[in-house]
Amino acid sequence: MVKKAGEKTGQFGLWLTEYISENHPSQGYQVYYDHGDPRLHDNVVVIKGFLGDTVTSKNKLADLDVMVANQNNEVLLLIEIEESSLSPKTLFGDVFASLFSTKFAVNVDGKQIYFSITKQTILLVAGYVPRKTRKKSNLMIDIRSRLENFSGPDDSISMDQVNFVIGEDIGSCLACLQRKVIDDLF
């Protein structure tokens with residue numbers, strides 16, 4: 001069986017949609033996610049981070065995998081999931097593309113919906129570094145500590161709201177991510 005790109009990410013997005021719907025319906029949270037089947041679920045969309053007031057191909061900086069927003073169209077949580085082994089370049093790209101985005105948008109039924117970030121918006125970057133690549137794992141720790149000292153633009157996600165969920169394989173990473181999301185949102 002051929003693995004579809006983003007398959008685990010789509011499964012995670014569906015899990016989060018169902019979890020919030022079943023356990024916290026009164027919160028009024030909306031979950032959007034990529035890599036699912038938009039014919040089956042209307043919240044399967046491309047989540048675009050951009051600079052400015054309206055998204056275009058010229059100002060789009062990031063494509064995120066999962067977004068949770070409140071009824072005021074404020075982003076509560078953004079998630080980027082790397083399903084292949086995490087590299088320093090990928091980690092930097094995921095973080096900085098999201099940090100420099102001032103708004104996020106999704107297109108639902110042909111209509112662009114815009115979302116703002118707040119100082120409470122959380123960014124989670126999830127991925128894995130196999131145990132056998134210990135040097136790479138140590139490098140990821142060094143990179144994480146350097147990123148923590150970075151201060152982004154005032155109108156962006158606060159660096160102290162950026163967290164990393166790194167496992168030894170994609171399965172353990174996603175299990176940790178589920179717990180982290182529940183802890184952060186509820």
# chains A, B, ... in the order shown; residues from 1 in each chain; ligands from 1
$ residues_around --residues "A:Glu7" --least-positions-apart "5" --cutoff "9 Å" --atoms "only C-alpha atoms" --output "count of residues only"
4
$ residues_around --residues "A:Gln27" --least-positions-apart "6" --cutoff "9 Å" --atoms "only C-alpha atoms" --output "ChimeraX atom specification"
/A:20,70-71
$ select_by_dssp --residues "chain A" --states "strand (DSSP E)" --output "ChimeraX atom specification"
/A:30-33,47-50,60-64,66-69,75-85,103-108,111-116,122-128,162-167
$ closest_atom_pairs --of "stretch 58-177 of chain A" --to "stretch 38-54 of chain A" --cutoff "10 Å" --atoms "only C-alpha atoms" --output "tab-separated table"
residue	atom	partner	partner_atom	distance
A:Lys58	CA	A:Phe50	CA	9.1
A:Asn59	CA	A:Phe50	CA	5.5
A:Lys60	CA	A:Phe50	CA	4.3
A:Leu61	CA	A:Phe50	CA	5.1
A:Ala62	CA	A:Gly49	CA	4.7
A:Asp63	CA	A:Lys48	CA	4.8
A:Leu64	CA	A:Ile47	CA	5.3
A:Asp65	CA	A:Ile47	CA	6.7
A:Val66	CA	A:Ile47	CA	7.4
A:Met67	CA	A:Ile47	CA	7.4
A:Leu78	CA	A:Ile47	CA	9.4
A:Ala97	CA	A:Gly49	CA	7.7
A:Ser98	CA	A:Gly49	CA	6.5
A:Leu99	CA	A:Gly49	CA	9.1
A:Phe100	CA	A:Leu51	CA	7.2
A:Ser101	CA	A:Phe50	CA	4.6
A:Thr102	CA	A:Leu51	CA	5.2
A:Lys103	CA	A:Phe50	CA	5.7
A:Phe104	CA	A:Gly49	CA	4.4
A:Ala105	CA	A:Lys48	CA	5.2
A:Val106	CA	A:Ile47	CA	5.2
A:Asn107	CA	A:Val45	CA	6.6
A:Val108	CA	A:Asp42	CA	7.1
A:Asp109	CA	A:Asp42	CA	8.0
A:Gln112	CA	A:Thr54	CA	9.0
A:Ile113	CA	A:Thr54	CA	9.8
A:Tyr114	CA	A:Thr54	CA	8.0
A:Phe115	CA	A:Gly49	CA	9.5
A:Ser116	CA	A:Asp53	CA	9.8
A:Ser156	CA	A:Leu51	CA	9.8
$ write_last_selection --atoms "N, CA, C and O atoms" --output "tab-separated table (two decimals), in the first residue's frame"
chain	number	residue	atom	x	y	z
A	58	LYS	N	1.31	36.63	-3.80
A	58	LYS	CA	2.50	37.45	-3.61
A	58	LYS	C	2.85	37.70	-2.14
A	58	LYS	O	3.98	38.04	-1.82
A	59	ASN	N	1.89	37.55	-1.22
A	59	ASN	CA	2.19	37.82	0.19
A	59	ASN	C	2.01	36.60	1.10
A	59	ASN	O	2.12	36.72	2.31
A	60	LYS	N	1.75	35.44	0.50
A	60	LYS	CA	1.58	34.22	1.30
A	60	LYS	C	2.95	33.73	1.77
A	60	LYS	O	3.88	33.62	0.97
A	61	LEU	N	3.06	33.47	3.06
A	61	LEU	CA	4.33	33.02	3.63
A	61	LEU	C	4.31	31.56	4.07
A	61	LEU	O	5.34	30.90	4.06
A	62	ALA	N	3.17	31.08	4.52
A	62	ALA	CA	3.13	29.75	5.14
A	62	ALA	C	1.86	29.01	4.79
A	62	ALA	O	0.81	29.62	4.57
A	63	ASP	N	1.97	27.70	4.74
A	63	ASP	CA	0.83	26.80	4.70
A	63	ASP	C	0.92	25.95	5.96
A	63	ASP	O	1.92	25.26	6.17
A	64	LEU	N	-0.08	26.05	6.82
A	64	LEU	CA	-0.10	25.29	8.06
A	64	LEU	C	-0.99	24.08	7.91
A	64	LEU	O	-1.83	24.02	7.02
A	65	ASP	N	-0.82	23.13	8.82
A	65	ASP	CA	-1.59	21.88	8.73
A	65	ASP	C	-2.89	21.90	9.52
A	65	ASP	O	-3.88	21.31	9.10
A	66	VAL	N	-2.90	22.55	10.67
A	66	VAL	CA	-4.08	22.55	11.53
A	66	VAL	C	-4.22	23.93	12.17
A	66	VAL	O	-3.22	24.55	12.55
A	67	MET	N	-5.46	24.40	12.29
A	67	MET	CA	-5.73	25.66	12.97
A	67	MET	C	-7.00	25.51	13.79
A	67	MET	O	-7.99	24.96	13.31
A	78	LEU	N	-2.11	26.98	16.12
A	78	LEU	CA	-1.64	26.60	14.79
A	78	LEU	C	-0.69	25.42	14.95
A	78	LEU	O	0.11	25.39	15.90
A	97	ALA	N	8.33	31.19	8.90
A	97	ALA	CA	7.22	31.49	7.98
A	97	ALA	C	5.95	31.80	8.77
A	97	ALA	O	5.19	32.71	8.42
A	98	SER	N	5.74	31.08	9.85
A	98	SER	CA	4.56	31.31	10.69
A	98	SER	C	4.71	32.58	11.53
A	98	SER	O	3.77	33.35	11.67
A	99	LEU	N	5.91	32.80	12.08
A	99	LEU	CA	6.13	33.98	12.91
A	99	LEU	C	5.96	35.28	12.16
A	99	LEU	O	5.50	36.27	12.71
A	100	PHE	N	6.33	35.30	10.90
A	100	PHE	CA	6.25	36.53	10.12
A	100	PHE	C	4.89	36.74	9.47
A	100	PHE	O	4.63	37.78	8.87
A	101	SER	N	4.01	35.77	9.61
A	101	SER	CA	2.64	35.93	9.11
A	101	SER	C	1.85	36.77	10.11
A	101	SER	O	1.90	36.53	11.30
A	102	THR	N	1.13	37.75	9.59
A	102	THR	CA	0.34	38.63	10.47
A	102	THR	C	-1.13	38.22	10.54
A	102	THR	O	-1.83	38.64	11.45
A	103	LYS	N	-1.57	37.42	9.59
A	103	LYS	CA	-2.94	36.90	9.58
A	103	LYS	C	-2.94	35.53	8.92
A	103	LYS	O	-1.97	35.13	8.27
A	104	PHE	N	-4.07	34.86	9.07
A	104	PHE	CA	-4.26	33.54	8.46
A	104	PHE	C	-5.61	33.52	7.77
A	104	PHE	O	-6.53	34.25	8.15
A	105	ALA	N	-5.72	32.68	6.73
A	105	ALA	CA	-6.96	32.62	5.96
A	105	ALA	C	-7.23	31.20	5.50
A	105	ALA	O	-6.30	30.41	5.29
A	106	VAL	N	-8.51	30.90	5.33
A	106	VAL	CA	-8.95	29.65	4.71
A	106	VAL	C	-10.04	29.98	3.70
A	106	VAL	O	-10.76	30.97	3.84
A	107	ASN	N	-10.16	29.16	2.71
A	107	ASN	CA	-11.20	29.33	1.72
A	107	ASN	C	-12.22	28.21	1.92
A	107	ASN	O	-11.90	27.04	1.74
A	108	VAL	N	-13.44	28.59	2.33
A	108	VAL	CA	-14.51	27.62	2.55
A	108	VAL	C	-15.65	27.93	1.59
A	108	VAL	O	-16.18	29.05	1.60
A	109	ASP	N	-15.98	26.97	0.75
A	109	ASP	CA	-17.05	27.13	-0.23
A	109	ASP	C	-16.87	28.37	-1.10
A	109	ASP	O	-17.83	29.12	-1.36
A	112	GLN	N	-13.30	33.44	1.17
A	112	GLN	CA	-12.11	33.57	2.01
A	112	GLN	C	-12.52	34.03	3.42
A	112	GLN	O	-13.25	35.01	3.56
A	113	ILE	N	-12.09	33.32	4.43
A	113	ILE	CA	-12.36	33.69	5.81
A	113	ILE	C	-11.02	34.04	6.45
A	113	ILE	O	-10.05	33.28	6.35
A	114	TYR	N	-10.97	35.20	7.10
A	114	TYR	CA	-9.72	35.71	7.67
A	114	TYR	C	-9.71	35.57	9.18
A	114	TYR	O	-10.75	35.73	9.84
A	115	PHE	N	-8.53	35.32	9.71
A	115	PHE	CA	-8.33	35.11	11.14
A	115	PHE	C	-7.15	35.95	11.62
A	115	PHE	O	-6.13	36.06	10.95
A	116	SER	N	-7.32	36.51	12.81
A	116	SER	CA	-6.24	37.31	13.39
A	116	SER	C	-5.53	36.50	14.47
A	116	SER	O	-6.08	35.56	15.03
A	156	SER	N	3.15	39.65	15.47
A	156	SER	CA	3.20	38.23	15.10
A	156	SER	C	3.02	37.36	16.34
A	156	SER	O	2.87	37.86	17.45
$ select_by_dssp --residues "stretch 22-151 of chain A" --states "alpha helix (DSSP H)" --output "NGL selection string"
:A and (22-23 or 88-99 or 134-148)
$ write_last_selection --atoms "N, CA, C and O atoms" --output "mmCIF file, in the first residue's frame"
data_model
loop_
_atom_site.group_PDB
_atom_site.id
_atom_site.type_symbol
_atom_site.label_atom_id
_atom_site.label_comp_id
_atom_site.auth_asym_id
_atom_site.auth_seq_id
_atom_site.Cartn_x
_atom_site.Cartn_y
_atom_site.Cartn_z
ATOM 1 N N GLU A 22 -16.993 16.462 20.269
ATOM 2 C CA GLU A 22 -17.582 15.544 21.246
ATOM 3 C C GLU A 22 -17.364 15.986 22.693
ATOM 4 O O GLU A 22 -18.223 15.762 23.543
ATOM 5 N N ASN A 23 -16.221 16.600 22.992
ATOM 6 C CA ASN A 23 -15.850 16.877 24.379
ATOM 7 C C ASN A 23 -15.990 18.339 24.800
ATOM 8 O O ASN A 23 -16.075 18.615 25.991
ATOM 9 N N PRO A 88 16.982 20.638 10.601
ATOM 10 C CA PRO A 88 17.069 22.020 11.082
ATOM 11 C C PRO A 88 16.478 23.026 10.088
ATOM 12 O O PRO A 88 15.773 23.952 10.486
ATOM 13 N N LYS A 89 16.733 22.836 8.812
ATOM 14 C CA LYS A 89 16.219 23.759 7.795
ATOM 15 C C LYS A 89 14.689 23.772 7.805
ATOM 16 O O LYS A 89 14.059 24.832 7.740
ATOM 17 N N THR A 90 14.089 22.617 7.905
ATOM 18 C CA THR A 90 12.632 22.520 7.937
ATOM 19 C C THR A 90 12.078 23.184 9.193
ATOM 20 O O THR A 90 11.096 23.925 9.134
ATOM 21 N N LEU A 91 12.721 22.935 10.323
ATOM 22 C CA LEU A 91 12.264 23.532 11.579
ATOM 23 C C LEU A 91 12.299 25.060 11.502
ATOM 24 O O LEU A 91 11.327 25.735 11.836
ATOM 25 N N PHE A 92 13.419 25.610 11.031
ATOM 26 C CA PHE A 92 13.522 27.064 10.886
ATOM 27 C C PHE A 92 12.461 27.604 9.933
ATOM 28 O O PHE A 92 11.820 28.613 10.205
ATOM 29 N N GLY A 93 12.289 26.934 8.798
ATOM 30 C CA GLY A 93 11.301 27.384 7.816
ATOM 31 C C GLY A 93 9.896 27.397 8.379
ATOM 32 O O GLY A 93 9.152 28.364 8.199
ATOM 33 N N ASP A 94 9.523 26.336 9.080
ATOM 34 C CA ASP A 94 8.187 26.257 9.669
ATOM 35 C C ASP A 94 7.964 27.380 10.676
ATOM 36 O O ASP A 94 6.921 28.038 10.680
ATOM 37 N N VAL A 95 8.949 27.593 11.537
ATOM 38 C CA VAL A 95 8.789 28.595 12.589
ATOM 39 C C VAL A 95 8.759 30.000 12.006
ATOM 40 O O VAL A 95 7.843 30.781 12.275
ATOM 41 N N PHE A 96 9.750 30.351 11.200
ATOM 42 C CA PHE A 96 9.841 31.730 10.736
ATOM 43 C C PHE A 96 8.740 32.107 9.748
ATOM 44 O O PHE A 96 8.232 33.226 9.783
ATOM 45 N N ALA A 97 8.325 31.191 8.897
ATOM 46 C CA ALA A 97 7.219 31.495 7.982
ATOM 47 C C ALA A 97 5.949 31.800 8.770
ATOM 48 O O ALA A 97 5.195 32.715 8.423
ATOM 49 N N SER A 98 5.740 31.076 9.853
ATOM 50 C CA SER A 98 4.561 31.314 10.689
ATOM 51 C C SER A 98 4.710 32.582 11.527
ATOM 52 O O SER A 98 3.768 33.354 11.671
ATOM 53 N N LEU A 99 5.907 32.796 12.078
ATOM 54 C CA LEU A 99 6.135 33.975 12.914
ATOM 55 C C LEU A 99 5.960 35.281 12.156
ATOM 56 O O LEU A 99 5.504 36.270 12.712
ATOM 57 N N ARG A 134 21.548 10.424 16.881
ATOM 58 C CA ARG A 134 21.766 11.145 18.130
ATOM 59 C C ARG A 134 22.388 12.523 17.891
ATOM 60 O O ARG A 134 22.015 13.493 18.507
ATOM 61 N N LYS A 135 23.380 12.628 16.970
ATOM 62 C CA LYS A 135 23.986 13.938 16.699
ATOM 63 C C LYS A 135 22.938 14.914 16.202
ATOM 64 O O LYS A 135 22.923 16.068 16.587
ATOM 65 N N LYS A 136 22.060 14.461 15.335
ATOM 66 C CA LYS A 136 20.995 15.312 14.819
ATOM 67 C C LYS A 136 20.056 15.717 15.954
ATOM 68 O O LYS A 136 19.608 16.860 16.035
ATOM 69 N N SER A 137 19.782 14.789 16.852
ATOM 70 C CA SER A 137 18.915 15.085 17.980
ATOM 71 C C SER A 137 19.521 16.179 18.857
ATOM 72 O O SER A 137 18.833 17.088 19.296
ATOM 73 N N ASN A 138 20.825 16.094 19.128
ATOM 74 C CA ASN A 138 21.505 17.135 19.907
ATOM 75 C C ASN A 138 21.466 18.464 19.175
ATOM 76 O O ASN A 138 21.317 19.515 19.804
ATOM 77 N N LEU A 139 21.598 18.439 17.868
ATOM 78 C CA LEU A 139 21.519 19.663 17.081
ATOM 79 C C LEU A 139 20.139 20.291 17.216
ATOM 80 O O LEU A 139 20.007 21.513 17.344
ATOM 81 N N MET A 140 19.095 19.479 17.227
ATOM 82 C CA MET A 140 17.738 20.001 17.379
ATOM 83 C C MET A 140 17.578 20.695 18.734
ATOM 84 O O MET A 140 16.906 21.721 18.835
ATOM 85 N N ILE A 141 18.204 20.162 19.766
ATOM 86 C CA ILE A 141 18.150 20.800 21.091
ATOM 87 C C ILE A 141 18.840 22.153 21.043
ATOM 88 O O ILE A 141 18.340 23.147 21.576
ATOM 89 N N ASP A 142 20.002 22.214 20.390
ATOM 90 C CA ASP A 142 20.722 23.484 20.257
ATOM 91 C C ASP A 142 19.899 24.505 19.479
ATOM 92 O O ASP A 142 19.842 25.681 19.851
ATOM 93 N N ILE A 143 19.263 24.065 18.416
ATOM 94 C CA ILE A 143 18.445 24.973 17.605
ATOM 95 C C ILE A 143 17.261 25.473 18.413
ATOM 96 O O ILE A 143 16.924 26.660 18.385
ATOM 97 N N ARG A 144 16.623 24.594 19.136
ATOM 98 C CA ARG A 144 15.477 24.982 19.964
ATOM 99 C C ARG A 144 15.885 26.085 20.943
ATOM 100 O O ARG A 144 15.184 27.074 21.099
ATOM 101 N N SER A 145 17.037 25.939 21.598
ATOM 102 C CA SER A 145 17.462 26.949 22.568
ATOM 103 C C SER A 145 17.773 28.278 21.877
ATOM 104 O O SER A 145 17.491 29.347 22.427
ATOM 105 N N ARG A 146 18.301 28.258 20.680
ATOM 106 C CA ARG A 146 18.567 29.504 19.953
ATOM 107 C C ARG A 146 17.270 30.179 19.521
ATOM 108 O O ARG A 146 17.144 31.394 19.589
ATOM 109 N N LEU A 147 16.318 29.388 19.074
ATOM 110 C CA LEU A 147 15.030 29.953 18.673
ATOM 111 C C LEU A 147 14.315 30.605 19.852
ATOM 112 O O LEU A 147 13.626 31.607 19.680
ATOM 113 N N GLU A 148 14.469 30.033 21.025
ATOM 114 C CA GLU A 148 13.809 30.586 22.200
ATOM 115 C C GLU A 148 14.312 31.994 22.522
ATOM 116 O O GLU A 148 13.621 32.765 23.176
#
$ residues_around --residues "A:Met159" --least-positions-apart "4" --cutoff "7 Å" --atoms "only C-alpha atoms" --output "list of chain:residue names"
A:Glu148, A:Phe150, A:Ser151, A:Gly152
$ write_last_selection --atoms "N, CA, C and O atoms" --output "PDB file, in the first residue's frame"
ATOM      1  N   GLU A 148      14.469  30.033  21.025  1.00  0.00           N
ATOM      2  CA  GLU A 148      13.809  30.586  22.200  1.00  0.00           C
ATOM      3  C   GLU A 148      14.312  31.994  22.522  1.00  0.00           C
ATOM      4  O   GLU A 148      13.621  32.765  23.176  1.00  0.00           O
ATOM      5  N   PHE A 150      14.983  34.210  20.210  1.00  0.00           N
ATOM      6  CA  PHE A 150      14.584  35.085  19.112  1.00  0.00           C
ATOM      7  C   PHE A 150      13.319  35.850  19.482  1.00  0.00           C
ATOM      8  O   PHE A 150      12.408  35.311  20.087  1.00  0.00           O
ATOM      9  N   SER A 151      13.275  37.100  19.086  1.00  0.00           N
ATOM     10  CA  SER A 151      12.081  37.917  19.301  1.00  0.00           C
ATOM     11  C   SER A 151      11.527  38.318  17.944  1.00  0.00           C
ATOM     12  O   SER A 151      12.221  38.961  17.152  1.00  0.00           O
ATOM     13  N   GLY A 152      10.296  37.922  17.664  1.00  0.00           N
ATOM     14  CA  GLY A 152       9.675  38.227  16.374  1.00  0.00           C
ATOM     15  C   GLY A 152       9.055  39.606  16.361  1.00  0.00           C
ATOM     16  O   GLY A 152       9.096  40.345  17.351  1.00  0.00           O
TER      17      GLY A 152
END
$ atom_distance --atom1 "atom CA of A:Val68" --atom2 "atom CA of A:Gln30"
5.6 Å
$ closest_residue --among "A:Ser172, A:Tyr29, A:Glu18, A:Ser84" --to "A:Asn72" --atoms "only C-alpha atoms"
A:Tyr29
